[in-house]
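The block underneath contains the structure these notes are about, expressed in structure tokens.
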Amino acid sequence: MATLRLNLVKDLSRHLRSGHPWVFRDALAPIPKLPAGAIVDVVDRGRFVARGYYDPSSAIAVRILTREVGETIDGAFFRRRVAAAVALRERFLQNEEAKTNAYRLLHGEGDGLPGVIVDLYGGVAVLKLYSEGLAPHRAALVEALKANLPSLTSVLGRDEVREGDADTARRAPGKVLWGAPVEELLTIEEHGVRLLVDCLRGQKTGLFLDQRENRRLVRELSRGRSVLNCFSYTGGFSVNAALGGAERVMSVDLDADAIALCRRNFKENGLAAERHDFLAADVHEVLHSFAAREKQFDLIILDPPAYAKSQRAVEAALDGYASLNRAAMKLLAPGGILCTASCTARVSPDAFLSTVKEAAAKDGLIFQVLHERFQPPDHPVLLQFPEGRYLKFYVLARLA
């Protein structure tokens, strides 16, 4: 059966041919009723531009899979894309194979499979789909993972969108799509650090793998310092700080279950948890409480959740970053280090750094930029898709 053709009504053919993977609904002529996941050709005045899958519930009507008119979207296509992703990771992670067994295997648009995320935790692949249009292709993706990963033991599904109440859906546990049952907590290694991960119910796929290299950097910066880790989740930064020789680490997160797992991760690495502090509380309230008591730290880590999930929320997000960073700066000892992050794609690196700079200026504080980092190679960004560059991580030193 011939692939349905959708006509562009905006002059985007060059934009799409150059590599951008999204076609918004308002860029297309009226679309007939199509099932989620239908493979469609995007055409410009009858000429083929690209081929992708259709999403009936998103403003992004088509996500591009190929620009080759002769390439069929089938099981072999998905196997090829997964094989290319595996080869890329093998090149970049080959020196860490013995010490790191958790990384992102498929990074959506960055690996030519828009909306598809796969994180690998040892032999368990966690598949997360960010588009209704991917549901019909789920089985093909699972088969592609099995074909390219000989040591795979399980594929776990953690879709972002499920039927029912949205809040309940986000907390819904993962479902085994193939293979052996998945343990409630998996033990992985990251640069030699052992971490317990809840892939079934934890945030995203269980661990924020994009901060892997930054966690190792914090280990190198922590010797002899008092450390405050805000939004600590299950303690990846905290454990690394303690292993790096921090005198004392305080981990703060609103999620009591995450804090409990943070404490367990200390013990998992032979660290005396009783020598450190674990607090299930609102970070903003804790920062203001510490400021009132004139408490100080030598190293503070800010890794908050995304503050802007839509373009309309960007201004409020920048205000939130300004308030958060200013509150943390008040607690930083002279000569101390602030590690501050943003995972909001809609906030540019320049906008984020400018906001942090203004927060410092309000209290007359001067900072040196020691490190400016983005997401690691297993989270690749297409040159033609700057929207994929979401993670910003700055290490700043306060001048005494």
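Here's how to read the names in the structure tokens: chain A, B, ... by the order shown, residue numbers from 1 in each chain, ligand numbers from 1 in the order shown.
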Practice item. Mind the document's chain letters and residue numbers, and return as a list of chain:residue names the residues of range 231-286 of chain A that DSSP labels alpha helix (DSSP H). Key: A:Gly236, A:Phe237, A:Ser238, A:Val239, A:Asn240, A:Ala241, A:Ala242, A:Leu243, A:Ala256, A:Asp257, A:Ala258, A:Ile259, A:Ala260, A:Leu261, A:Cys262, A:Arg263, A:Arg264, A:Asn265, A:Phe266, A:Lys267, A:Glu268, A:Val283, A:His284, A:Glu285, A:Val286
Exercise for review: Taking the chain letters and numbering used in this document, name the residues of range 225-396 of chain A that DSSP puts in strand (DSSP E or B), as a ChimeraX atom specification.
Suggested key: /A:226-230,248-253,277-280,297-302,332-342,367-373,392-396
The selected residues should be written to file as a compact mmCIF listing (two decimals), in the first residue's frame (atoms: N, CA and C atoms).
# COMPACT_ATOMS: atom_id res chain seq x y z
N SER A 226 32.69 20.76 53.12
CA SER A 226 31.32 20.49 53.56
C SER A 226 30.42 20.69 52.34
N VAL A 227 29.53 19.72 52.09
CA VAL A 227 28.77 19.70 50.84
C VAL A 227 27.28 19.69 51.12
N LEU A 228 26.55 20.52 50.38
CA LEU A 228 25.09 20.52 50.42
C LEU A 228 24.59 20.14 49.03
N ASN A 229 23.88 19.02 48.94
CA ASN A 229 23.34 18.55 47.67
C ASN A 229 21.83 18.77 47.67
N CYS A 230 21.37 19.75 46.91
CA CYS A 230 19.95 20.08 46.84
C CYS A 230 19.28 19.30 45.71
N ARG A 248 31.66 16.30 55.28
CA ARG A 248 30.27 15.99 55.62
C ARG A 248 29.40 16.36 54.44
N VAL A 249 28.41 15.52 54.13
CA VAL A 249 27.51 15.77 53.01
C VAL A 249 26.08 15.81 53.54
N MET A 250 25.36 16.85 53.17
CA MET A 250 23.94 16.92 53.49
C MET A 250 23.15 16.78 52.20
N SER A 251 22.23 15.80 52.16
CA SER A 251 21.38 15.54 51.00
C SER A 251 19.96 15.96 51.33
N VAL A 252 19.37 16.80 50.45
CA VAL A 252 18.02 17.32 50.69
C VAL A 252 17.16 17.04 49.48
N ASP A 253 16.00 16.41 49.72
CA ASP A 253 15.04 16.16 48.65
C ASP A 253 13.66 16.03 49.28
N ASP A 277 24.31 13.72 56.57
CA ASP A 277 22.95 14.16 56.89
C ASP A 277 22.01 13.92 55.71
N PHE A 278 20.80 13.48 56.01
CA PHE A 278 19.80 13.17 55.00
C PHE A 278 18.49 13.82 55.43
N LEU A 279 17.94 14.68 54.59
CA LEU A 279 16.78 15.46 55.00
C LEU A 279 15.71 15.42 53.92
N ALA A 280 14.54 14.90 54.25
CA ALA A 280 13.38 14.92 53.36
C ALA A 280 12.60 16.20 53.63
N PHE A 297 28.37 26.42 53.61
CA PHE A 297 28.92 25.20 53.03
C PHE A 297 30.05 25.57 52.06
N ASP A 298 30.96 24.61 51.86
CA ASP A 298 32.07 24.83 50.95
C ASP A 298 31.73 24.47 49.51
N LEU A 299 30.74 23.60 49.33
CA LEU A 299 30.34 23.18 47.99
C LEU A 299 28.84 22.93 48.00
N ILE A 300 28.12 23.56 47.07
CA ILE A 300 26.67 23.41 46.98
C ILE A 300 26.31 22.94 45.57
N ILE A 301 25.44 21.95 45.50
CA ILE A 301 25.01 21.40 44.22
C ILE A 301 23.53 21.70 44.04
N LEU A 302 23.18 22.33 42.93
CA LEU A 302 21.79 22.61 42.58
C LEU A 302 21.45 21.88 41.29
N LEU A 332 27.11 30.02 50.66
CA LEU A 332 28.41 29.56 50.17
C LEU A 332 29.55 30.32 50.85
N ALA A 333 30.45 29.58 51.44
CA ALA A 333 31.60 30.19 52.11
C ALA A 333 32.51 30.86 51.08
N PRO A 334 33.24 31.91 51.48
CA PRO A 334 34.22 32.51 50.57
C PRO A 334 35.18 31.46 50.06
N GLY A 335 35.41 31.45 48.76
CA GLY A 335 36.25 30.43 48.15
C GLY A 335 35.50 29.14 47.86
N GLY A 336 34.21 29.10 48.21
CA GLY A 336 33.42 27.91 47.99
C GLY A 336 33.03 27.73 46.53
N ILE A 337 32.46 26.57 46.24
CA ILE A 337 32.12 26.20 44.87
C ILE A 337 30.63 25.96 44.75
N LEU A 338 30.02 26.52 43.70
CA LEU A 338 28.62 26.29 43.38
C LEU A 338 28.55 25.50 42.08
N CYS A 339 27.90 24.34 42.12
CA CYS A 339 27.61 23.55 40.92
C CYS A 339 26.12 23.73 40.64
N THR A 340 25.79 24.41 39.57
CA THR A 340 24.40 24.72 39.29
C THR A 340 24.00 24.22 37.92
N ALA A 341 22.82 23.60 37.84
CA ALA A 341 22.39 22.93 36.61
C ALA A 341 20.99 23.37 36.21
N SER A 342 20.72 23.23 34.92
CA SER A 342 19.37 23.40 34.38
C SER A 342 19.16 22.31 33.34
N PHE A 367 32.01 35.59 41.02
CA PHE A 367 32.28 34.18 40.79
C PHE A 367 33.18 33.98 39.57
N GLN A 368 34.01 32.97 39.65
CA GLN A 368 34.80 32.52 38.51
C GLN A 368 34.14 31.28 37.90
N VAL A 369 34.11 31.21 36.58
CA VAL A 369 33.57 30.03 35.90
C VAL A 369 34.71 29.02 35.72
N LEU A 370 34.60 27.88 36.41
CA LEU A 370 35.64 26.85 36.33
C LEU A 370 35.31 25.80 35.27
N HIS A 371 34.04 25.45 35.14
CA HIS A 371 33.63 24.44 34.16
C HIS A 371 32.28 24.84 33.57
N GLU A 372 32.14 24.63 32.27
CA GLU A 372 30.87 24.81 31.57
C GLU A 372 30.62 23.51 30.81
N ARG A 373 29.59 22.78 31.21
CA ARG A 373 29.37 21.44 30.65
C ARG A 373 27.95 21.26 30.14
N LYS A 392 22.53 22.03 31.06
CA LYS A 392 23.59 22.99 31.34
C LYS A 392 24.11 22.75 32.75
N PHE A 393 25.42 22.75 32.91
CA PHE A 393 26.02 22.49 34.23
C PHE A 393 27.24 23.39 34.37
N TYR A 394 27.18 24.30 35.33
CA TYR A 394 28.27 25.25 35.55
C TYR A 394 28.88 25.04 36.93
N VAL A 395 30.20 25.08 36.98
CA VAL A 395 30.93 25.04 38.24
C VAL A 395 31.54 26.41 38.45
N LEU A 396 31.11 27.08 39.51
CA LEU A 396 31.51 28.45 39.79
C LEU A 396 32.21 28.53 41.14
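CA of Arg223 in chain A sits 10.5 Å away from CA of Asn240 in chain A.
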Practice item. Please identify all polymer residues within 10 Å of range 52-62 of chain A, counting only C-alpha atoms, omitting same-chain residues fewer than 2 positions from it, and present them as a VMD selection string. Key: chain A and resid 6 21 to 28 31 33 to 42 50 64 to 67 73 113 to 114 131 to 135 137
Writing out the chosen residues with N, CA, C and O atoms as a compact mmCIF listing (two decimals), in the first residue's frame:
# COMPACT_ATOMS: atom_id res chain seq x y z
N LEU A 6 1.56 13.87 2.97
CA LEU A 6 1.08 15.09 3.63
C LEU A 6 1.82 16.28 3.05
O LEU A 6 3.06 16.28 2.96
N PRO A 21 14.10 17.29 12.76
CA PRO A 21 13.24 16.10 12.80
C PRO A 21 11.76 16.33 13.08
O PRO A 21 11.01 15.36 13.20
N TRP A 22 11.31 17.57 13.20
CA TRP A 22 9.92 17.81 13.59
C TRP A 22 9.16 18.55 12.50
O TRP A 22 9.68 19.50 11.88
N VAL A 23 7.88 18.16 12.31
CA VAL A 23 6.97 18.89 11.44
C VAL A 23 5.72 19.22 12.27
O VAL A 23 4.98 18.30 12.66
N PHE A 24 5.51 20.49 12.53
CA PHE A 24 4.34 20.88 13.31
C PHE A 24 3.08 20.84 12.47
O PHE A 24 3.11 21.02 11.24
N ARG A 25 1.98 20.64 13.13
CA ARG A 25 0.69 20.47 12.47
C ARG A 25 0.33 21.67 11.60
O ARG A 25 -0.22 21.52 10.50
N ASP A 26 0.66 22.87 12.08
CA ASP A 26 0.27 24.06 11.32
C ASP A 26 1.12 24.28 10.08
O ASP A 26 0.85 25.19 9.29
N ALA A 27 2.15 23.44 9.90
CA ALA A 27 2.98 23.54 8.69
C ALA A 27 2.45 22.64 7.57
O ALA A 27 3.00 22.63 6.47
N LEU A 28 1.38 21.91 7.85
CA LEU A 28 0.85 20.94 6.90
C LEU A 28 -0.56 21.32 6.47
O LEU A 28 -1.32 21.94 7.22
N ILE A 31 -5.03 17.50 7.57
CA ILE A 31 -4.64 16.09 7.60
C ILE A 31 -5.89 15.22 7.75
O ILE A 31 -6.72 15.46 8.64
N LYS A 33 -8.06 11.86 8.81
CA LYS A 33 -7.99 11.07 10.02
C LYS A 33 -7.04 9.90 9.81
O LYS A 33 -7.22 9.10 8.90
N LEU A 34 -6.02 9.82 10.65
CA LEU A 34 -4.99 8.78 10.54
C LEU A 34 -4.78 8.13 11.89
O LEU A 34 -4.90 8.79 12.93
N PRO A 35 -4.42 6.87 11.91
CA PRO A 35 -4.12 6.23 13.18
C PRO A 35 -2.76 6.66 13.71
O PRO A 35 -1.87 7.04 12.94
N ALA A 36 -2.60 6.62 15.02
CA ALA A 36 -1.30 6.93 15.63
C ALA A 36 -0.25 5.98 15.08
O ALA A 36 -0.47 4.77 14.97
N GLY A 37 0.90 6.53 14.69
CA GLY A 37 2.00 5.71 14.21
C GLY A 37 2.00 5.46 12.73
O GLY A 37 2.93 4.81 12.21
N ALA A 38 1.00 5.96 12.01
CA ALA A 38 0.97 5.77 10.56
C ALA A 38 2.22 6.37 9.93
O ALA A 38 2.65 7.47 10.29
N ILE A 39 2.82 5.66 9.01
CA ILE A 39 4.00 6.16 8.31
C ILE A 39 3.54 7.04 7.16
O ILE A 39 2.71 6.63 6.33
N VAL A 40 4.06 8.26 7.11
CA VAL A 40 3.62 9.24 6.11
C VAL A 40 4.83 9.87 5.42
O VAL A 40 5.92 9.95 6.01
N ASP A 41 4.61 10.31 4.19
CA ASP A 41 5.62 11.08 3.46
C ASP A 41 5.25 12.55 3.52
O ASP A 41 4.09 12.92 3.26
N VAL A 42 6.20 13.38 3.87
CA VAL A 42 6.01 14.82 3.83
C VAL A 42 6.51 15.30 2.47
O VAL A 42 7.66 15.00 2.08
N ALA A 50 10.63 14.02 3.20
CA ALA A 50 11.05 13.15 4.29
C ALA A 50 9.91 12.19 4.63
O ALA A 50 8.76 12.38 4.21
N ILE A 64 10.31 12.94 11.94
CA ILE A 64 11.01 12.40 10.77
C ILE A 64 11.90 11.22 11.15
O ILE A 64 12.67 11.29 12.11
N LEU A 65 11.80 10.16 10.35
CA LEU A 65 12.65 8.98 10.54
C LEU A 65 13.69 8.83 9.44
O LEU A 65 14.78 8.31 9.68
N THR A 66 13.38 9.27 8.22
CA THR A 66 14.35 9.13 7.12
C THR A 66 14.10 10.20 6.07
O THR A 66 12.96 10.69 5.92
N ARG A 67 15.14 10.55 5.36
CA ARG A 67 15.05 11.47 4.22
C ARG A 67 15.39 10.75 2.92
O ARG A 67 15.59 11.40 1.90
N ILE A 73 10.23 1.93 6.39
CA ILE A 73 10.20 1.92 7.86
C ILE A 73 9.63 0.58 8.30
O ILE A 73 8.41 0.36 8.28
N LEU A 113 15.86 8.53 16.03
CA LEU A 113 14.60 7.90 16.42
C LEU A 113 13.84 8.85 17.35
O LEU A 113 13.80 8.65 18.57
N PRO A 114 13.25 9.90 16.79
CA PRO A 114 12.59 10.91 17.62
C PRO A 114 11.56 10.32 18.57
O PRO A 114 10.72 9.51 18.18
N SER A 131 5.86 9.73 22.54
CA SER A 131 4.87 10.08 21.53
C SER A 131 3.88 8.94 21.38
O SER A 131 4.25 7.77 21.34
N GLU A 132 2.60 9.30 21.29
CA GLU A 132 1.56 8.30 21.04
C GLU A 132 1.82 7.57 19.73
O GLU A 132 1.47 6.40 19.57
N GLY A 133 2.46 8.27 18.79
CA GLY A 133 2.73 7.67 17.48
C GLY A 133 3.74 6.54 17.51
O GLY A 133 3.90 5.83 16.50
N LEU A 134 4.42 6.35 18.63
CA LEU A 134 5.41 5.28 18.72
C LEU A 134 4.82 3.97 19.22
O LEU A 134 5.45 2.92 19.07
N ALA A 135 3.65 4.03 19.83
CA ALA A 135 3.07 2.82 20.42
C ALA A 135 2.97 1.66 19.43
O ALA A 135 3.32 0.53 19.78
N HIS A 137 4.89 0.91 17.13
CA HIS A 137 6.24 0.47 16.75
C HIS A 137 7.01 -0.08 17.94
O HIS A 137 8.20 -0.41 17.81
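When only C-alpha atoms are used to measure the gap to Arg158 in chain A, the shortest distance among A:Gly206, A:Gly19, A:Pro30, A:Gly46 belongs to A:Gly206.
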Check your understanding: Counting only C-alpha atoms, what is within 12 Å of range 346-357 of chain A, bar same-chain residues fewer than 5 positions away, as JSON, numbers by chain?
Key -> {"A": [302, 306, 307, 308, 309, 310, 311, 312, 313, 314, 315, 316, 317, 318, 319, 320, 321, 322, 323, 324, 325, 326, 327, 328, 329, 338, 339, 340, 341, 362, 363, 364, 365, 366, 367, 368, 369, 372, 373, 374, 386, 387, 388, 389, 390, 391, 392, 393, 394, 395, 396, 398]}
**Study point:** Close residues, Pro380 in chain A itself excluded, 10 Å, only C-alpha atoms, min 6 positions apart in chain, as a ChimeraX atom specification
**Key:** /A:85,88,104,106-111,388-389
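CA of Glu183 in chain A to CA of Val126 in chain A spans 12.8 Å [interatomic distance, one decimal].
Reported to one decimal place, the separation of CA of Cys199 in chain A from CA of Leu186 in chain A is 7.4 Å.
Once Ala258 in chain A and its same-chain neighbours fewer than 3 positions away are set aside, Tyr233, Thr234, Asp255 and Leu261 of chain A remain within 6 Å of it when counting only C-alpha atoms.
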